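First the structure, in the form of structure tokens, and then the observations on it.
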Amino acid sequence: MQERSVYEMYEKLGIEKDVYEYASDILKGLKERFEEIDEIARYNQLKVLAAMQKNRVSEADLKGSSGYGYDDLGRDRLEKVYADTFGCEDALVRPQITCGTHAITLALFSNLRPDDELLYITGKPYDTLESVIGIRKASGSFAEYGITYAQADLTDDGHIDEDAVRKKINERTKIAAIQRSKGYDTRRSIPVKDIEKAVRLIKSINKDILIFVDNCYGEFVERYEPVEAGADMMAGSLIKNPGGGLAAVGGYIAGRKECVENAANRLTSPGLGKEVGASLSLLPSFYQGFFLAPHVTASALKGAVFAAHLYDRLGFEVSPGISDERTDIIQAVTLRSKEALISFCKGIQSSSAVDSFVSPDPSPMPGYEHEVVMAAGDFISGSSIELSADAPLKSPYTVFFQGGLTSSHAEAGIIKTLQQLVNDKIIDRSALK
């Protein structure tokens, strides 16, 4: 039987020879970079394994609970695994936390009181938090509870502005918040070493200020997490990195015990805290997803690196750049037109395992100011550790690509975006020579 080539399979997916060869040439040059990513994944895999063994995870821990969730040993042990893996005192890992925005809101709201001030030291946060803070009017916002908001913008080159932070801190500053990833922005994401430096600065001014990190998209990209760098708490979503593509719902908060207990009391009610909250039948996917997360994250990261190199060579602005350090799985590509942005998203959608036949169209989304185009054929709805891309429909038409449960699928998705842009005559075929 004649051996089949990889290109024969790409051809079945509608990829033409010149597009495949152009992309393959770029991939060949990324071998050393991919080996570095694999080395970090190996390190983090051993961290998770050590935490599971230390806490004596057993088959009985996978059974789950119903009703009130009293005495759910598997749920409680999973939270110890998270805390030990992330190098902190405690963690809250619950299916009742609905998304990343909810996890962040829960962490902040539970540790702020009326007349406190929240200071974001990485500029304005992600769009969905504007309603939470009160930048955009919404019922139940921090503003309605007398919690004020301030921000220190980043420097022009994307670093935390220490002088601006010093000026913004006052006697009412209770929490200094850091958004690790770029959100819908092309700014530099914030690596753990920068978070550590910011922690030292703020604690030197006032040791009682709590440092919070929005850790969405950042887990397992580096060898260390923000709480290991001195942050008091961090939060994220299980349908991003830490769920490993298996967790169907949920979020986490990890950090100092007092901060986590405050969050648990707000999630359930004061006096009940972490003692209630049924895990139902979700624990096997939570445990296994967390176990797989380091290598799933590495696959997504390889896809992001590949996308950066491919589109940089074609002359598009990419963030992070091809030689920039990585601290999250998000890759931004500025496509410069509405047509190119939608074409890119069509490429991602058509390369998905689920709903590949669907066409992504811009539409209003809760929590966003502009229409958003989202492309994802997810096994789990909204899972952005799976192959996906989204963007607000506004100039300069930057798309944000992330995810890929396997590096092969992430690569296929990026190659399909190039094919779609060629098909739509946005990229001239001569550029592939």
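In the structure tokens, the first chain shown is A, the next is B, and so on; residue numbers restart at 1 for each chain, and ligands run from 1 in the order shown.
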Spatial neighbours of A:Glu35, max dist 12 Å, only C-alpha atoms, sep filter under 5 positions, as a PyMOL selection string: chain A and resi 29-30+40-42+298-299+301-302
Which of stretch 119-367 of chain A DSSP labels strand (DSSP E), written as a PyMOL selection string: chain A and resi 119-120+148-151+173-179+210-214+233-237+251-255+317-319+331-334
Resulting file, chosen residues, N, CA and C atoms, as an mmCIF file, in the first residue's frame:
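Full text of again15.cif as output:
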```
data_model
loop_
_atom_site.group_PDB
_atom_site.id
_atom_site.type_symbol
_atom_site.label_atom_id
_atom_site.label_comp_id
_atom_site.auth_asym_id
_atom_site.auth_seq_id
_atom_site.Cartn_x
_atom_site.Cartn_y
_atom_site.Cartn_z
ATOM 1 N N LEU A 119 -7.856 49.599 42.173
ATOM 2 C CA LEU A 119 -6.909 50.222 41.252
ATOM 3 C C LEU A 119 -6.392 49.184 40.264
ATOM 4 N N TYR A 120 -6.697 49.377 38.994
ATOM 5 C CA TYR A 120 -6.110 48.522 37.950
ATOM 6 C C TYR A 120 -4.808 49.167 37.504
ATOM 7 N N THR A 148 -15.045 52.683 44.567
ATOM 8 C CA THR A 148 -14.553 53.513 43.471
ATOM 9 C C THR A 148 -13.484 52.785 42.666
ATOM 10 N N TYR A 149 -13.212 53.327 41.502
ATOM 11 C CA TYR A 149 -12.275 52.693 40.567
ATOM 12 C C TYR A 149 -11.258 53.711 40.074
ATOM 13 N N ALA A 150 -10.018 53.270 39.976
ATOM 14 C CA ALA A 150 -8.958 54.088 39.394
ATOM 15 C C ALA A 150 -8.072 53.191 38.550
ATOM 16 N N GLN A 151 -7.324 53.782 37.639
ATOM 17 C CA GLN A 151 -6.419 52.977 36.822
ATOM 18 C C GLN A 151 -5.131 53.720 36.555
ATOM 19 N N THR A 173 -7.088 52.795 48.684
ATOM 20 C CA THR A 173 -6.751 51.694 47.772
ATOM 21 C C THR A 173 -6.742 50.372 48.545
ATOM 22 N N LYS A 174 -7.639 49.468 48.178
ATOM 23 C CA LYS A 174 -7.746 48.179 48.873
ATOM 24 C C LYS A 174 -7.158 47.048 48.025
ATOM 25 N N ILE A 175 -7.440 47.092 46.713
ATOM 26 C CA ILE A 175 -6.941 46.049 45.812
ATOM 27 C C ILE A 175 -6.261 46.702 44.620
ATOM 28 N N ALA A 176 -5.067 46.230 44.311
ATOM 29 C CA ALA A 176 -4.390 46.589 43.060
ATOM 30 C C ALA A 176 -4.513 45.383 42.133
ATOM 31 N N ALA A 177 -5.117 45.593 40.978
ATOM 32 C CA ALA A 177 -5.425 44.498 40.073
ATOM 33 C C ALA A 177 -4.558 44.544 38.819
ATOM 34 N N ILE A 178 -4.201 43.360 38.356
ATOM 35 C CA ILE A 178 -3.367 43.199 37.161
ATOM 36 C C ILE A 178 -4.090 42.266 36.197
ATOM 37 N N GLN A 179 -4.291 42.704 34.980
ATOM 38 C CA GLN A 179 -4.814 41.823 33.934
ATOM 39 C C GLN A 179 -3.622 41.279 33.162
ATOM 40 N N LEU A 210 -4.099 44.471 48.757
ATOM 41 C CA LEU A 210 -4.159 43.133 48.162
ATOM 42 C C LEU A 210 -3.827 43.209 46.678
ATOM 43 N N ILE A 211 -3.033 42.273 46.210
ATOM 44 C CA ILE A 211 -2.695 42.210 44.782
ATOM 45 C C ILE A 211 -3.501 41.087 44.156
ATOM 46 N N PHE A 212 -4.327 41.446 43.192
ATOM 47 C CA PHE A 212 -5.147 40.465 42.466
ATOM 48 C C PHE A 212 -4.692 40.378 41.019
ATOM 49 N N VAL A 213 -4.658 39.146 40.474
ATOM 50 C CA VAL A 213 -4.276 38.942 39.081
ATOM 51 C C VAL A 213 -5.387 38.202 38.336
ATOM 52 N N ASP A 214 -5.874 38.812 37.276
ATOM 53 C CA ASP A 214 -6.739 38.118 36.309
ATOM 54 C C ASP A 214 -5.819 37.207 35.511
ATOM 55 N N MET A 233 -4.046 36.879 45.371
ATOM 56 C CA MET A 233 -5.051 35.984 44.783
ATOM 57 C C MET A 233 -5.058 36.153 43.270
ATOM 58 N N MET A 234 -5.549 35.107 42.617
ATOM 59 C CA MET A 234 -5.706 35.132 41.162
ATOM 60 C C MET A 234 -6.943 34.319 40.823
ATOM 61 N N ALA A 235 -7.457 34.526 39.618
ATOM 62 C CA ALA A 235 -8.694 33.854 39.226
ATOM 63 C C ALA A 235 -8.669 33.536 37.742
ATOM 64 N N GLY A 236 -9.444 32.535 37.370
ATOM 65 C CA GLY A 236 -9.527 32.152 35.972
ATOM 66 C C GLY A 236 -10.704 31.228 35.710
ATOM 67 N N SER A 237 -10.815 30.810 34.467
ATOM 68 C CA SER A 237 -11.935 29.981 33.999
ATOM 69 C C SER A 237 -11.463 28.575 33.687
ATOM 70 N N GLY A 251 -14.954 27.744 37.288
ATOM 71 C CA GLY A 251 -13.881 28.714 37.446
ATOM 72 C C GLY A 251 -13.172 28.483 38.757
ATOM 73 N N TYR A 252 -12.089 29.228 38.979
ATOM 74 C CA TYR A 252 -11.326 29.056 40.213
ATOM 75 C C TYR A 252 -10.840 30.398 40.732
ATOM 76 N N ILE A 253 -10.591 30.431 42.033
ATOM 77 C CA ILE A 253 -9.892 31.526 42.698
ATOM 78 C C ILE A 253 -8.854 30.871 43.597
ATOM 79 N N ALA A 254 -7.620 31.324 43.545
ATOM 80 C CA ALA A 254 -6.554 30.728 44.340
ATOM 81 C C ALA A 254 -5.717 31.827 44.974
ATOM 82 N N GLY A 255 -5.214 31.557 46.183
ATOM 83 C CA GLY A 255 -4.372 32.545 46.834
ATOM 84 C C GLY A 255 -4.355 32.404 48.335
ATOM 85 N N GLU A 317 0.775 43.189 11.340
ATOM 86 C CA GLU A 317 1.245 43.448 12.705
ATOM 87 C C GLU A 317 0.736 42.340 13.628
ATOM 88 N N VAL A 318 1.632 41.761 14.403
ATOM 89 C CA VAL A 318 1.249 40.683 15.313
ATOM 90 C C VAL A 318 1.690 41.040 16.732
ATOM 91 N N SER A 319 0.899 40.590 17.695
ATOM 92 C CA SER A 319 1.215 40.813 19.104
ATOM 93 C C SER A 319 0.789 39.590 19.906
ATOM 94 N N GLN A 331 -2.930 35.216 20.629
ATOM 95 C CA GLN A 331 -2.176 35.834 19.544
ATOM 96 C C GLN A 331 -3.071 36.840 18.830
ATOM 97 N N ALA A 332 -2.640 38.084 18.810
ATOM 98 C CA ALA A 332 -3.387 39.120 18.095
ATOM 99 C C ALA A 332 -2.761 39.345 16.722
ATOM 100 N N VAL A 333 -3.615 39.466 15.710
ATOM 101 C CA VAL A 333 -3.172 39.783 14.347
ATOM 102 C C VAL A 333 -4.018 40.949 13.852
ATOM 103 N N THR A 334 -3.388 42.057 13.519
ATOM 104 C CA THR A 334 -4.117 43.223 13.010
ATOM 105 C C THR A 334 -4.279 43.082 11.511
#
```
Helix (DSSP H, G or I) residues, from DSSP on the backbone, in stretch 48-287 of chain A, as a ChimeraX atom specification: /A:48-54,59-62,73-86,100-111,127-133,142-145,162-168,192-205,226-229,241-243,257-267,273-275,283-287
Neighbour list for A:Lys338 as a PyMOL selection string, cut-off 9 Å, only C-alpha atoms, skip fewer than 6 positions in-chain: chain A and resi 393-397
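Proximity of A:Gly403, A:Gly134, A:Gly243, A:Pro366 to A:Val305, computed with only C-alpha atoms, is greatest for A:Gly403.
The protein and nucleic acid residues lying at most 7 Å from stretch 216-221 of chain A are Asn44, Gly100, Ser181, Glu225, Gly236, Ser237, Lys240, Asn241, Pro242, Pro294, Thr297, Thr327, Asp328 and Ile329 of chain A, with only C-alpha atoms considered and sequence neighbours fewer than 4 positions away removed.
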Keeping only C-alpha atoms, write the selected residues as a PDB file, in the first residue's frame.
```pdb
ATOM      1  CA  ASN A  44       4.259  21.901  34.770  1.00  0.00           C
ATOM      2  CA  GLY A 100     -13.824  34.080  33.843  1.00  0.00           C
ATOM      3  CA  SER A 181      -3.436  38.937  29.165  1.00  0.00           C
ATOM      4  CA  GLU A 225       2.039  31.429  38.532  1.00  0.00           C
ATOM      5  CA  GLY A 236      -9.527  32.152  35.972  1.00  0.00           C
ATOM      6  CA  SER A 237     -11.935  29.981  33.999  1.00  0.00           C
ATOM      7  CA  LYS A 240      -9.671  28.022  29.383  1.00  0.00           C
ATOM      8  CA  ASN A 241      -6.225  26.602  30.208  1.00  0.00           C
ATOM      9  CA  PRO A 242      -6.730  24.781  33.546  1.00  0.00           C
ATOM     10  CA  PRO A 294       0.025  21.678  30.838  1.00  0.00           C
ATOM     11  CA  THR A 297      -1.795  24.687  26.949  1.00  0.00           C
ATOM     12  CA  THR A 327       2.906  34.639  29.110  1.00  0.00           C
ATOM     13  CA  ASP A 328      -0.510  33.692  27.696  1.00  0.00           C
ATOM     14  CA  ILE A 329      -1.956  31.749  24.761  1.00  0.00           C
TER      15      ILE A 329
END
```
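We find atom CA of A:Gln402 and atom CA of A:Ser388 to be spaced 5.7 Å apart.
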Contacts of A:Leu282 at 12 Å (only C-alpha atoms; same-chain gap of 3+ positions) as a list in words: Asp61, Leu62, Lys63, Gly64, Ser65, Ser66, Gly74, Arg75, Leu78, Val93, Arg94, Pro95, Gln96, Leu238, Gly243, Leu246, Ala247, Ala248, Val249, Gly250, Ala278, Ser279, Ser285, Phe286, Tyr287, Gln288 and Gly289 of chain A
Could you turn the residues from that selection into a file that holds N, CA and C atoms, as a PDB file, in the first residue's frame?
```
ATOM      1  N   ASP A  61     -12.489   9.847  45.002  1.00  0.00           N
ATOM      2  CA  ASP A  61     -12.596  11.304  44.873  1.00  0.00           C
ATOM      3  C   ASP A  61     -13.306  11.733  43.595  1.00  0.00           C
ATOM      4  N   LEU A  62     -13.535  10.812  42.693  1.00  0.00           N
ATOM      5  CA  LEU A  62     -14.147  11.148  41.407  1.00  0.00           C
ATOM      6  C   LEU A  62     -15.669  10.999  41.416  1.00  0.00           C
ATOM      7  N   LYS A  63     -16.232  10.596  42.551  1.00  0.00           N
ATOM      8  CA  LYS A  63     -17.655  10.241  42.591  1.00  0.00           C
ATOM      9  C   LYS A  63     -18.581  11.446  42.568  1.00  0.00           C
ATOM     10  N   GLY A  64     -18.201  12.523  43.235  1.00  0.00           N
ATOM     11  CA  GLY A  64     -19.041  13.713  43.229  1.00  0.00           C
ATOM     12  C   GLY A  64     -20.127  13.688  44.278  1.00  0.00           C
ATOM     13  N   SER A  65     -20.952  14.740  44.260  1.00  0.00           N
ATOM     14  CA  SER A  65     -22.024  14.873  45.248  1.00  0.00           C
ATOM     15  C   SER A  65     -23.216  15.580  44.615  1.00  0.00           C
ATOM     16  N   SER A  66     -24.338  15.538  45.316  1.00  0.00           N
ATOM     17  CA  SER A  66     -25.549  16.232  44.855  1.00  0.00           C
ATOM     18  C   SER A  66     -26.099  17.064  45.998  1.00  0.00           C
ATOM     19  N   GLY A  74     -13.978  14.696  47.276  1.00  0.00           N
ATOM     20  CA  GLY A  74     -13.318  14.884  45.982  1.00  0.00           C
ATOM     21  C   GLY A  74     -13.206  16.338  45.591  1.00  0.00           C
ATOM     22  N   ARG A  75     -14.255  17.103  45.863  1.00  0.00           N
ATOM     23  CA  ARG A  75     -14.244  18.550  45.590  1.00  0.00           C
ATOM     24  C   ARG A  75     -13.194  19.234  46.452  1.00  0.00           C
ATOM     25  N   LEU A  78      -9.669  18.323  45.295  1.00  0.00           N
ATOM     26  CA  LEU A  78      -9.316  19.018  44.061  1.00  0.00           C
ATOM     27  C   LEU A  78      -8.829  20.427  44.365  1.00  0.00           C
ATOM     28  N   VAL A  93     -12.548  25.971  43.645  1.00  0.00           N
ATOM     29  CA  VAL A  93     -12.694  25.461  42.276  1.00  0.00           C
ATOM     30  C   VAL A  93     -14.103  24.908  42.153  1.00  0.00           C
ATOM     31  N   ARG A  94     -14.971  25.620  41.471  1.00  0.00           N
ATOM     32  CA  ARG A  94     -16.394  25.263  41.515  1.00  0.00           C
ATOM     33  C   ARG A  94     -17.091  25.371  40.157  1.00  0.00           C
ATOM     34  N   PRO A  95     -18.008  24.438  39.880  1.00  0.00           N
ATOM     35  CA  PRO A  95     -18.826  24.559  38.670  1.00  0.00           C
ATOM     36  C   PRO A  95     -19.821  25.706  38.776  1.00  0.00           C
ATOM     37  N   GLN A  96     -20.084  26.174  39.999  1.00  0.00           N
ATOM     38  CA  GLN A  96     -21.027  27.284  40.182  1.00  0.00           C
ATOM     39  C   GLN A  96     -20.436  28.628  39.740  1.00  0.00           C
ATOM     40  N   LEU A 238     -12.280  27.586  34.014  1.00  0.00           N
ATOM     41  CA  LEU A 238     -11.936  26.192  33.720  1.00  0.00           C
ATOM     42  C   LEU A 238     -12.156  25.837  32.256  1.00  0.00           C
ATOM     43  N   GLY A 243      -8.739  23.804  32.565  1.00  0.00           N
ATOM     44  CA  GLY A 243      -9.693  22.712  32.360  1.00  0.00           C
ATOM     45  C   GLY A 243      -9.217  21.695  31.352  1.00  0.00           C
ATOM     46  N   LEU A 246     -11.432  19.527  28.913  1.00  0.00           N
ATOM     47  CA  LEU A 246     -12.395  18.533  29.391  1.00  0.00           C
ATOM     48  C   LEU A 246     -13.429  19.128  30.344  1.00  0.00           C
ATOM     49  N   ALA A 247     -13.039  20.109  31.146  1.00  0.00           N
ATOM     50  CA  ALA A 247     -13.989  20.730  32.066  1.00  0.00           C
ATOM     51  C   ALA A 247     -15.076  21.442  31.265  1.00  0.00           C
ATOM     52  N   ALA A 248     -16.314  21.115  31.553  1.00  0.00           N
ATOM     53  CA  ALA A 248     -17.433  21.655  30.778  1.00  0.00           C
ATOM     54  C   ALA A 248     -17.956  22.979  31.321  1.00  0.00           C
ATOM     55  N   VAL A 249     -17.501  23.362  32.498  1.00  0.00           N
ATOM     56  CA  VAL A 249     -17.992  24.573  33.152  1.00  0.00           C
ATOM     57  C   VAL A 249     -17.065  24.854  34.327  1.00  0.00           C
ATOM     58  N   GLY A 250     -17.145  26.050  34.869  1.00  0.00           N
ATOM     59  CA  GLY A 250     -16.462  26.297  36.130  1.00  0.00           C
ATOM     60  C   GLY A 250     -15.384  27.357  36.092  1.00  0.00           C
ATOM     61  N   ALA A 278     -22.558  21.408  45.394  1.00  0.00           N
ATOM     62  CA  ALA A 278     -22.427  20.051  44.853  1.00  0.00           C
ATOM     63  C   ALA A 278     -21.547  20.042  43.602  1.00  0.00           C
ATOM     64  N   SER A 279     -20.727  19.000  43.481  1.00  0.00           N
ATOM     65  CA  SER A 279     -19.868  18.844  42.304  1.00  0.00           C
ATOM     66  C   SER A 279     -20.522  17.980  41.234  1.00  0.00           C
ATOM     67  N   SER A 285     -13.850  14.996  34.996  1.00  0.00           N
ATOM     68  CA  SER A 285     -13.352  15.900  33.959  1.00  0.00           C
ATOM     69  C   SER A 285     -12.527  17.035  34.564  1.00  0.00           C
ATOM     70  N   PHE A 286     -12.854  17.465  35.784  1.00  0.00           N
ATOM     71  CA  PHE A 286     -12.068  18.511  36.443  1.00  0.00           C
ATOM     72  C   PHE A 286     -10.667  18.009  36.766  1.00  0.00           C
ATOM     73  N   TYR A 287     -10.598  16.823  37.336  1.00  0.00           N
ATOM     74  CA  TYR A 287      -9.291  16.245  37.679  1.00  0.00           C
ATOM     75  C   TYR A 287      -8.482  15.931  36.421  1.00  0.00           C
ATOM     76  N   GLN A 288      -9.096  15.218  35.494  1.00  0.00           N
ATOM     77  CA  GLN A 288      -8.357  14.813  34.294  1.00  0.00           C
ATOM     78  C   GLN A 288      -7.996  16.009  33.432  1.00  0.00           C
ATOM     79  N   GLY A 289      -8.900  16.963  33.333  1.00  0.00           N
ATOM     80  CA  GLY A 289      -8.602  18.173  32.562  1.00  0.00           C
ATOM     81  C   GLY A 289      -7.422  18.930  33.138  1.00  0.00           C
TER      82      GLY A 289
END
```
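In this structure, atom CA of A:Phe379 sits 6.7 Å away from atom CA of A:Val354.
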Å distance separating atom CA of A:Asp115 from atom CA of A:Arg172, one decimal place: 7.0 Å
10 Å contact set for A:Asp90, only C-alpha atoms, chain neighbours under 2 positions out, as a PyMOL selection string: chain A and resi 79-84+86-88+92-93+233+253-261
